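Report on the following structure.
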Amino acid sequence: MADVDQGSSPPSDGAPQALDPPNAIDTNGTDVVNATVAKFVATPEGTALAYGSLVFMALLPIFFGALRSVSCSKSKNSSDMPETITSRDAARFPIIASCTLFGLYLFFKVKRNEIINILLYVWLCGNVTSCNTQCSLFRLSPFMNRFFPDNLAIKQYQLLFTQGSGESKEEIVNYEFDTKDLVCLAISSVVGVWYVLKKHWVANNLFGLAFALNGVELLHLNNVSTGCILLGGLFVYDVFWVFGTNVMVTVAKSFEAPIKLVFPQDLLERGLEASNFAMLGLGDVVIPGIFIALLLRFDVSLKKNTRTYFYTSFLAYIFGLGLTIFVMHMYKHAQPALLYLVPACVGFPVLVALVKGELTEMFSHNTTEQPWAPATCSDM
């Protein structure tokens with residue numbers, strides 16, 4: 001889980017941003033080794049634009065993913081069914097994440113970046129071209145309806161995989177899609193090829209936002225207690241790996257994959273070819289995001305036609321992320337975003353529930369038992 005950082009190298013490669021003086025070859029054919037890397041100093045306008053864009057991009061998948069999480073369990077497609085996180089899963093996740101993070105760090109330290117990146121390319125290409133992602137790029141098909149003419153013939157398709165025969169037949173994949181989904185798949189594939197070939201930061205962000213949106217929508221905490229266990233464990237995880245070691249920052253900067261949102265601080269000076277990035281890890285979007293989505297489903301279950309806990313946690317996320325950026329800017333050091341996001345996203349809703357006398361109901365209610373109605377999202 002990468003964290004808010006500034007002045008990172010471009011996600012496309014690990015080459016220096018600039019050399020002053022430029023690398024040169026002397027008359028004997030040897031490299032001049034005294035070249036120094038010129039550190040780019042971001043302007044206040046560029047810094048404000050980068051941080052503001054990171055906050056805006058982080059809010060998009062949380063807001064829309066939470067809305068879609070309310071109704072996704074009604075889908076008939078097996079790929080759209082939510083994955084429920086239990087308290088046991090939540091307790092084990094920080095340990096698994098720590099082992100994975102340290103393993104990646106060791107790979108990068110022994111200069112095996114190319115092996116990991118090749119595996120990531122294979123995974124990314126498969127993810128983009130697989131129908132099971134429902135056109136991963138922002139799950140485009142619901143938004144494409146307005147762009148298709150009414151007289152366009154829309155054909156329906158079904159991808160069905162089963163195991164066994166007769167009464168023992170078991171359904172493995174049952175995916176329904178139509179012509180609009182195929183168009184969206186083509187768009188996603190183009191972006192995927194663009195990212196694999198160019199590693200451009202815009203393509204990185206498109207996939208990062210798509211993955212974050214899918215994560216918030218399809219990963220469901222079964223209750224608030226589980227959410228507190230998960231966020232509490234990752235709070236310790238994040239603080240330890242950022243403040244206690246250089247592992248987190250090293251992996252985040254070495255990983256050539258859309259696991260983080262990035263925005264250049266030198267965009268105003270260099271345009272789309274900018275290379276001095278501020279970054280925010282997807283984990284700092286998805287982890288609080290699934291807790292915020294849980295609180296939205298809890299709001300719906302109360303049947304009071306209010307979204308108090310959702311808006312409270314959403315505003316708390318904005319406050320926590322803003323505080324993260326402020327502290328990082330003041331101390332000029334990468335910050336574990338969950339250090340600020342977890343107390344804000346958990347503390348404020350719990351305080352509201354305590355004031356309203358609904359604390360017991362909040363922690364005892366199992367939101368996965370509620371048959372969500374798709375029409376609920378339109379109320380937002």
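Order determines the names: the first chain of the structure tokens is A, the second B, and so forth; residues in each chain are numbered 1 upward, and ligands are numbered 1 upward as they are shown.
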
Practice problem: Extract, using only C-alpha atoms, all DNA, RNA and protein residues at most 12 Å from A:Asn222, discarding same-chain residues fewer than 2 positions from it, and format them as a PyMOL selection string. | Solution: chain A and resi 82-90+219-220+224-230+290-291+293-295+297-298+362-370

Exercise. Using only C-alpha atoms, pick whichever of A:Tyr51, A:Phe235, A:Phe314, A:Phe263 has the shortest atom-to-atom distance to A:Phe64.
Key: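 Using only C-alpha atoms, the shortest distance to A:Phe64 belongs to A:Phe314.
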
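Using only C-alpha atoms, the contacts of A:Leu339 at a cut-off of 10 Å, with sequence neighbours closer than 4 positions omitted, comprise Leu231, Gly232, Leu234, Phe235, Val236, Tyr237, Asp238, Val239, Gly320, Leu321, Thr324, Gln335, Pro343 and Ala344 of chain A.
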
Quiz item: Any idea what's packed within 12 Å of A:Asp284, counting only C-alpha atoms, ignoring anything in its chain fewer than 4 positions away? Could you give it as a ChimeraX atom specification?
Solution: /A:1-4,54-55,57-59,61-62,208,212,215-216,231,234-235,238,259-261,279-280,288-291,317-318,320-321,324,335-342,345

Name all residues at most 8 Å from stretch 346-353 of chain A (count only C-alpha atoms; drop same-chain ones fewer than 4 positions away) and give them as a PDB file with all heavy atoms, in the first residue's frame.
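Below is the file that was written, around.pdb:
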ATOM      1  N   CYS A 228     -13.610  -2.209  11.741  1.00  0.00           N
ATOM      2  CA  CYS A 228     -12.673  -1.654  12.735  1.00  0.00           C
ATOM      3  C   CYS A 228     -11.440  -2.541  12.884  1.00  0.00           C
ATOM      4  O   CYS A 228     -10.321  -2.044  13.053  1.00  0.00           O
ATOM      5  CB  CYS A 228     -13.386  -1.495  14.072  1.00  0.00           C
ATOM      6  SG  CYS A 228     -14.672  -0.219  14.084  1.00  0.00           S
ATOM      7  N   TYR A 309     -24.483   8.658   8.180  1.00  0.00           N
ATOM      8  CA  TYR A 309     -23.184   8.017   8.435  1.00  0.00           C
ATOM      9  C   TYR A 309     -22.314   8.012   7.182  1.00  0.00           C
ATOM     10  O   TYR A 309     -21.081   8.122   7.276  1.00  0.00           O
ATOM     11  CB  TYR A 309     -23.396   6.608   8.966  1.00  0.00           C
ATOM     12  CG  TYR A 309     -24.097   6.596  10.303  1.00  0.00           C
ATOM     13  CD1 TYR A 309     -25.441   6.251  10.414  1.00  0.00           C
ATOM     14  CD2 TYR A 309     -23.423   6.973  11.464  1.00  0.00           C
ATOM     15  CE1 TYR A 309     -26.087   6.265  11.646  1.00  0.00           C
ATOM     16  CE2 TYR A 309     -24.046   6.991  12.694  1.00  0.00           C
ATOM     17  CZ  TYR A 309     -25.393   6.638  12.775  1.00  0.00           C
ATOM     18  OH  TYR A 309     -26.033   6.669  13.995  1.00  0.00           O
ATOM     19  N   THR A 312     -20.998  11.593   6.840  1.00  0.00           N
ATOM     20  CA  THR A 312     -20.053  11.858   7.922  1.00  0.00           C
ATOM     21  C   THR A 312     -18.701  11.217   7.633  1.00  0.00           C
ATOM     22  O   THR A 312     -17.645  11.854   7.761  1.00  0.00           O
ATOM     23  CB  THR A 312     -20.599  11.331   9.255  1.00  0.00           C
ATOM     24  OG1 THR A 312     -21.828  11.984   9.562  1.00  0.00           O
ATOM     25  CG2 THR A 312     -19.605  11.576  10.385  1.00  0.00           C
ATOM     26  N   SER A 313     -18.724   9.956   7.242  1.00  0.00           N
ATOM     27  CA  SER A 313     -17.467   9.256   6.955  1.00  0.00           C
ATOM     28  C   SER A 313     -16.803   9.800   5.692  1.00  0.00           C
ATOM     29  O   SER A 313     -15.567   9.862   5.606  1.00  0.00           O
ATOM     30  CB  SER A 313     -17.718   7.751   6.816  1.00  0.00           C
ATOM     31  OG  SER A 313     -18.675   7.484   5.803  1.00  0.00           O
ATOM     32  N   ALA A 316     -15.198  12.906   6.675  1.00  0.00           N
ATOM     33  CA  ALA A 316     -14.059  12.553   7.524  1.00  0.00           C
ATOM     34  C   ALA A 316     -12.878  12.094   6.681  1.00  0.00           C
ATOM     35  O   ALA A 316     -11.714  12.384   7.008  1.00  0.00           O
ATOM     36  CB  ALA A 316     -14.461  11.462   8.512  1.00  0.00           C
ATOM     37  N   VAL A 342      -7.710   6.470   9.265  1.00  0.00           N
ATOM     38  CA  VAL A 342      -8.424   5.515  10.120  1.00  0.00           C
ATOM     39  C   VAL A 342      -9.096   6.194  11.310  1.00  0.00           C
ATOM     40  O   VAL A 342     -10.291   5.999  11.546  1.00  0.00           O
ATOM     41  CB  VAL A 342      -7.475   4.382  10.568  1.00  0.00           C
ATOM     42  CG1 VAL A 342      -8.137   3.523  11.646  1.00  0.00           C
ATOM     43  CG2 VAL A 342      -7.089   3.510   9.372  1.00  0.00           C
ATOM     44  N   GLY A 357     -27.555   7.789  19.764  1.00  0.00           N
ATOM     45  CA  GLY A 357     -28.006   6.622  20.489  1.00  0.00           C
ATOM     46  C   GLY A 357     -28.129   5.368  19.638  1.00  0.00           C
ATOM     47  O   GLY A 357     -28.912   4.467  19.962  1.00  0.00           O
ATOM     48  N   GLU A 358     -27.353   5.282  18.544  1.00  0.00           N
ATOM     49  CA  GLU A 358     -27.438   4.141  17.623  1.00  0.00           C
ATOM     50  C   GLU A 358     -26.135   3.352  17.588  1.00  0.00           C
ATOM     51  O   GLU A 358     -25.905   2.571  16.650  1.00  0.00           O
ATOM     52  CB  GLU A 358     -27.761   4.639  16.210  1.00  0.00           C
ATOM     53  CG  GLU A 358     -29.126   5.289  16.102  1.00  0.00           C
ATOM     54  CD  GLU A 358     -29.386   5.889  14.741  1.00  0.00           C
ATOM     55  OE1 GLU A 358     -28.405   6.101  13.996  1.00  0.00           O
ATOM     56  OE2 GLU A 358     -30.555   6.142  14.408  1.00  0.00           O
ATOM     57  N   LEU A 359     -25.290   3.516  18.611  1.00  0.00           N
ATOM     58  CA  LEU A 359     -23.992   2.853  18.607  1.00  0.00           C
ATOM     59  C   LEU A 359     -24.147   1.335  18.656  1.00  0.00           C
ATOM     60  O   LEU A 359     -23.479   0.615  17.908  1.00  0.00           O
ATOM     61  CB  LEU A 359     -23.153   3.347  19.779  1.00  0.00           C
ATOM     62  CG  LEU A 359     -21.699   2.880  19.816  1.00  0.00           C
ATOM     63  CD1 LEU A 359     -20.944   3.379  18.594  1.00  0.00           C
ATOM     64  CD2 LEU A 359     -21.005   3.355  21.083  1.00  0.00           C
ATOM     65  N   MET A 362     -25.372   0.050  15.371  1.00  0.00           N
ATOM     66  CA  MET A 362     -24.334   0.112  14.347  1.00  0.00           C
ATOM     67  C   MET A 362     -23.409  -1.101  14.412  1.00  0.00           C
ATOM     68  O   MET A 362     -23.095  -1.711  13.379  1.00  0.00           O
ATOM     69  CB  MET A 362     -23.519   1.406  14.500  1.00  0.00           C
ATOM     70  CG  MET A 362     -22.281   1.453  13.610  1.00  0.00           C
ATOM     71  SD  MET A 362     -21.197   2.863  13.948  1.00  0.00           S
ATOM     72  CE  MET A 362     -22.074   4.138  13.045  1.00  0.00           C
TER      73      MET A 362
END

Quiz item: Which residues in stretch 252-290 of chain A does DSSP call helix (DSSP H, G or I)? List them as a list in words.
Solution: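 Secondary structure check on stretch 252-290 of chain A, helix (DSSP H, G or I): Ala252, Lys253, Ser254, Leu267, Leu268, Glu269, Arg270, Gly271, Leu272, Glu273, Gly283, Asp284, Val285, Val286, Ile287, Pro288, Gly289 and Ile290 of chain A.
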
Those same residues - N, CA and C atoms - I'd like them written as a PDB file, in the first residue's frame.
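File produced: selection17.pdb:
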ATOM      1  N   ALA A 252       6.709   1.164  -3.522  1.00  0.00           N
ATOM      2  CA  ALA A 252       5.779   2.037  -4.239  1.00  0.00           C
ATOM      3  C   ALA A 252       6.444   2.701  -5.434  1.00  0.00           C
ATOM      4  N   LYS A 253       7.704   3.109  -5.265  1.00  0.00           N
ATOM      5  CA  LYS A 253       8.404   3.803  -6.346  1.00  0.00           C
ATOM      6  C   LYS A 253       8.971   2.835  -7.374  1.00  0.00           C
ATOM      7  N   SER A 254       9.152   1.566  -7.009  1.00  0.00           N
ATOM      8  CA  SER A 254       9.745   0.592  -7.920  1.00  0.00           C
ATOM      9  C   SER A 254       8.704  -0.168  -8.719  1.00  0.00           C
ATOM     10  N   LEU A 267       3.299  19.799 -13.912  1.00  0.00           N
ATOM     11  CA  LEU A 267       2.397  19.756 -15.071  1.00  0.00           C
ATOM     12  C   LEU A 267       2.326  21.111 -15.758  1.00  0.00           C
ATOM     13  N   LEU A 268       2.295  22.177 -14.999  1.00  0.00           N
ATOM     14  CA  LEU A 268       2.173  23.510 -15.583  1.00  0.00           C
ATOM     15  C   LEU A 268       3.409  23.882 -16.390  1.00  0.00           C
ATOM     16  N   GLU A 269       4.569  23.338 -16.017  1.00  0.00           N
ATOM     17  CA  GLU A 269       5.808  23.661 -16.722  1.00  0.00           C
ATOM     18  C   GLU A 269       6.063  22.714 -17.901  1.00  0.00           C
ATOM     19  N   ARG A 270       5.720  21.447 -17.743  1.00  0.00           N
ATOM     20  CA  ARG A 270       6.119  20.438 -18.736  1.00  0.00           C
ATOM     21  C   ARG A 270       4.952  19.764 -19.433  1.00  0.00           C
ATOM     22  N   GLY A 271       3.741  20.085 -19.054  1.00  0.00           N
ATOM     23  CA  GLY A 271       2.574  19.495 -19.703  1.00  0.00           C
ATOM     24  C   GLY A 271       2.449  18.013 -19.408  1.00  0.00           C
ATOM     25  N   LEU A 272       1.929  17.254 -20.374  1.00  0.00           N
ATOM     26  CA  LEU A 272       1.685  15.830 -20.171  1.00  0.00           C
ATOM     27  C   LEU A 272       2.970  15.018 -20.066  1.00  0.00           C
ATOM     28  N   GLU A 273       4.102  15.625 -20.404  1.00  0.00           N
ATOM     29  CA  GLU A 273       5.388  14.930 -20.281  1.00  0.00           C
ATOM     30  C   GLU A 273       6.030  15.172 -18.923  1.00  0.00           C
ATOM     31  N   GLY A 283      -4.396   1.498  -1.814  1.00  0.00           N
ATOM     32  CA  GLY A 283      -4.858   0.977  -0.536  1.00  0.00           C
ATOM     33  C   GLY A 283      -5.436   2.050   0.352  1.00  0.00           C
ATOM     34  N   ASP A 284      -4.918   3.278   0.220  1.00  0.00           N
ATOM     35  CA  ASP A 284      -5.423   4.390   1.008  1.00  0.00           C
ATOM     36  C   ASP A 284      -6.731   4.930   0.455  1.00  0.00           C
ATOM     37  N   VAL A 285      -7.161   4.402  -0.665  1.00  0.00           N
ATOM     38  CA  VAL A 285      -8.477   4.722  -1.228  1.00  0.00           C
ATOM     39  C   VAL A 285      -9.456   3.584  -0.967  1.00  0.00           C
ATOM     40  N   VAL A 286      -9.036   2.363  -1.283  1.00  0.00           N
ATOM     41  CA  VAL A 286      -9.954   1.226  -1.209  1.00  0.00           C
ATOM     42  C   VAL A 286     -10.286   0.848   0.231  1.00  0.00           C
ATOM     43  N   ILE A 287      -9.282   0.807   1.116  1.00  0.00           N
ATOM     44  CA  ILE A 287      -9.529   0.354   2.488  1.00  0.00           C
ATOM     45  C   ILE A 287     -10.518   1.267   3.218  1.00  0.00           C
ATOM     46  N   PRO A 288     -10.275   2.587   3.263  1.00  0.00           N
ATOM     47  CA  PRO A 288     -11.317   3.436   3.856  1.00  0.00           C
ATOM     48  C   PRO A 288     -12.601   3.422   3.034  1.00  0.00           C
ATOM     49  N   GLY A 289     -12.462   3.246   1.709  1.00  0.00           N
ATOM     50  CA  GLY A 289     -13.638   3.266   0.841  1.00  0.00           C
ATOM     51  C   GLY A 289     -14.627   2.157   1.137  1.00  0.00           C
ATOM     52  N   ILE A 290     -14.141   0.945   1.416  1.00  0.00           N
ATOM     53  CA  ILE A 290     -15.073  -0.145   1.695  1.00  0.00           C
ATOM     54  C   ILE A 290     -15.741   0.049   3.055  1.00  0.00           C
TER      55      ILE A 290
END

Exercise. Rank nothing, just name the residue among A:Asn223, A:Thr179, A:Ser165, A:Asn246 nearest to A:Leu296, using only C-alpha atoms.
Key: A:Asn223

Quiz prompt | Residue list (strand (DSSP E), DSSP) for stretch 138-295 of chain A, as number ranges by chain | solution = A: 156-163, 170-178, 219-221, 260-264, 277-281

Same residues, N, CA, C and O atoms, output as a short mmCIF file (atom, residue, chain, number, x, y, z; two decimals), in the first residue's frame:
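Output saved as result-v5.cif:
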data_model
loop_
_atom_site.label_atom_id
_atom_site.label_comp_id
_atom_site.auth_asym_id
_atom_site.auth_seq_id
_atom_site.Cartn_x
_atom_site.Cartn_y
_atom_site.Cartn_z
N GLN A 156 -27.62 -9.50 -27.05
CA GLN A 156 -27.27 -10.06 -25.75
C GLN A 156 -26.40 -11.31 -25.92
O GLN A 156 -26.62 -12.10 -26.85
N TYR A 157 -25.42 -11.46 -25.03
CA TYR A 157 -24.53 -12.61 -25.05
C TYR A 157 -24.43 -13.18 -23.64
O TYR A 157 -24.68 -12.49 -22.65
N GLN A 158 -24.04 -14.44 -23.58
CA GLN A 158 -23.85 -15.08 -22.28
C GLN A 158 -22.63 -15.98 -22.35
O GLN A 158 -22.48 -16.79 -23.27
N LEU A 159 -21.77 -15.83 -21.35
CA LEU A 159 -20.59 -16.68 -21.23
C LEU A 159 -20.81 -17.58 -20.03
O LEU A 159 -20.87 -17.11 -18.89
N LEU A 160 -20.93 -18.87 -20.29
CA LEU A 160 -21.29 -19.82 -19.23
C LEU A 160 -20.27 -20.95 -19.18
O LEU A 160 -20.01 -21.61 -20.19
N PHE A 161 -19.67 -21.17 -18.00
CA PHE A 161 -18.78 -22.30 -17.77
C PHE A 161 -19.36 -23.13 -16.63
O PHE A 161 -19.69 -22.59 -15.57
N THR A 162 -19.46 -24.42 -16.86
CA THR A 162 -19.96 -25.33 -15.82
C THR A 162 -18.97 -26.46 -15.61
O THR A 162 -18.13 -26.75 -16.48
N GLN A 163 -19.09 -27.12 -14.47
CA GLN A 163 -18.24 -28.24 -14.14
C GLN A 163 -19.12 -29.43 -13.79
O GLN A 163 -20.09 -29.30 -13.04
N GLU A 170 -22.08 -27.99 -11.80
CA GLU A 170 -21.85 -26.82 -10.96
C GLU A 170 -21.46 -25.63 -11.84
O GLU A 170 -20.61 -25.75 -12.71
N GLU A 171 -22.10 -24.52 -11.62
CA GLU A 171 -21.84 -23.31 -12.40
C GLU A 171 -20.58 -22.61 -11.89
O GLU A 171 -20.49 -22.28 -10.72
N ILE A 172 -19.62 -22.42 -12.78
CA ILE A 172 -18.37 -21.75 -12.42
C ILE A 172 -18.43 -20.28 -12.78
O ILE A 172 -18.13 -19.41 -11.96
N VAL A 173 -18.80 -19.98 -14.00
CA VAL A 173 -18.90 -18.60 -14.49
C VAL A 173 -20.20 -18.45 -15.26
O VAL A 173 -20.52 -19.28 -16.12
N ASN A 174 -20.94 -17.43 -14.94
CA ASN A 174 -22.16 -17.10 -15.67
C ASN A 174 -22.16 -15.60 -15.89
O ASN A 174 -22.58 -14.83 -15.02
N TYR A 175 -21.70 -15.20 -17.05
CA TYR A 175 -21.52 -13.77 -17.32
C TYR A 175 -22.37 -13.36 -18.51
O TYR A 175 -22.26 -13.93 -19.59
N GLU A 176 -23.25 -12.39 -18.30
CA GLU A 176 -24.11 -11.87 -19.35
C GLU A 176 -23.62 -10.49 -19.77
O GLU A 176 -23.31 -9.66 -18.93
N PHE A 177 -23.54 -10.26 -21.07
CA PHE A 177 -23.09 -8.97 -21.58
C PHE A 177 -23.76 -8.71 -22.91
O PHE A 177 -24.44 -9.58 -23.48
N ASP A 178 -23.60 -7.49 -23.41
CA ASP A 178 -24.24 -7.11 -24.67
C ASP A 178 -23.27 -6.31 -25.53
O ASP A 178 -22.07 -6.22 -25.23
N LEU A 219 -15.93 -5.39 -2.68
CA LEU A 219 -15.44 -5.88 -1.40
C LEU A 219 -16.34 -5.37 -0.29
O LEU A 219 -16.41 -4.17 -0.03
N HIS A 220 -17.06 -6.28 0.35
CA HIS A 220 -18.05 -5.89 1.36
C HIS A 220 -17.62 -6.37 2.75
O HIS A 220 -17.36 -7.56 2.95
N LEU A 221 -17.52 -5.43 3.68
CA LEU A 221 -17.35 -5.79 5.08
C LEU A 221 -18.70 -6.26 5.62
O LEU A 221 -19.73 -5.65 5.34
N LYS A 260 -1.09 2.83 -7.66
CA LYS A 260 -1.13 4.13 -7.01
C LYS A 260 -1.68 5.16 -7.97
O LYS A 260 -1.62 5.00 -9.19
N LEU A 261 -2.24 6.22 -7.41
CA LEU A 261 -2.64 7.38 -8.19
C LEU A 261 -1.49 8.38 -8.16
O LEU A 261 -0.90 8.62 -7.10
N VAL A 262 -1.17 8.94 -9.29
CA VAL A 262 -0.07 9.89 -9.37
C VAL A 262 -0.54 11.14 -10.09
O VAL A 262 -1.44 11.09 -10.93
N PHE A 263 0.09 12.25 -9.75
CA PHE A 263 -0.18 13.50 -10.48
C PHE A 263 1.08 14.35 -10.43
O PHE A 263 1.69 14.51 -9.37
N PRO A 264 1.49 14.89 -11.58
CA PRO A 264 2.76 15.62 -11.64
C PRO A 264 2.66 17.01 -11.02
O PRO A 264 1.69 17.74 -11.24
N PHE A 277 6.32 13.46 -9.63
CA PHE A 277 4.99 13.05 -9.23
C PHE A 277 4.77 13.06 -7.72
O PHE A 277 5.64 12.69 -6.95
N ALA A 278 3.57 13.48 -7.34
CA ALA A 278 3.03 13.16 -6.02
C ALA A 278 2.18 11.91 -6.18
O ALA A 278 1.58 11.70 -7.24
N MET A 279 2.14 11.07 -5.16
CA MET A 279 1.44 9.79 -5.31
C MET A 279 0.58 9.48 -4.09
O MET A 279 0.82 9.95 -2.98
N LEU A 280 -0.45 8.67 -4.34
CA LEU A 280 -1.32 8.17 -3.29
C LEU A 280 -1.63 6.72 -3.60
O LEU A 280 -2.13 6.40 -4.68
N GLY A 281 -1.32 5.82 -2.67
CA GLY A 281 -1.53 4.40 -2.89
C GLY A 281 -3.01 4.04 -2.96
O GLY A 281 -3.85 4.63 -2.27
#

Quiz item: In Å, with one decimal, what is the gap from atom CA of A:Trp194 to atom CA of A:Asn276?
Solution: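 For atom CA of A:Trp194 relative to atom CA of A:Asn276, the distance reads 20.4 Å.
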
Practice problem: Have a look at atom CA of A:Met328 and atom CA of A:Val242 and let me know their distance in Å, one decimal. | Solution: 12.3 Å

Exercise. Report the distance between atom CA of A:Ser275 and atom CA of A:Phe107 in Å, rounded to one decimal place.
Key: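 That distance, rounded to one decimal, is 24.8 Å.
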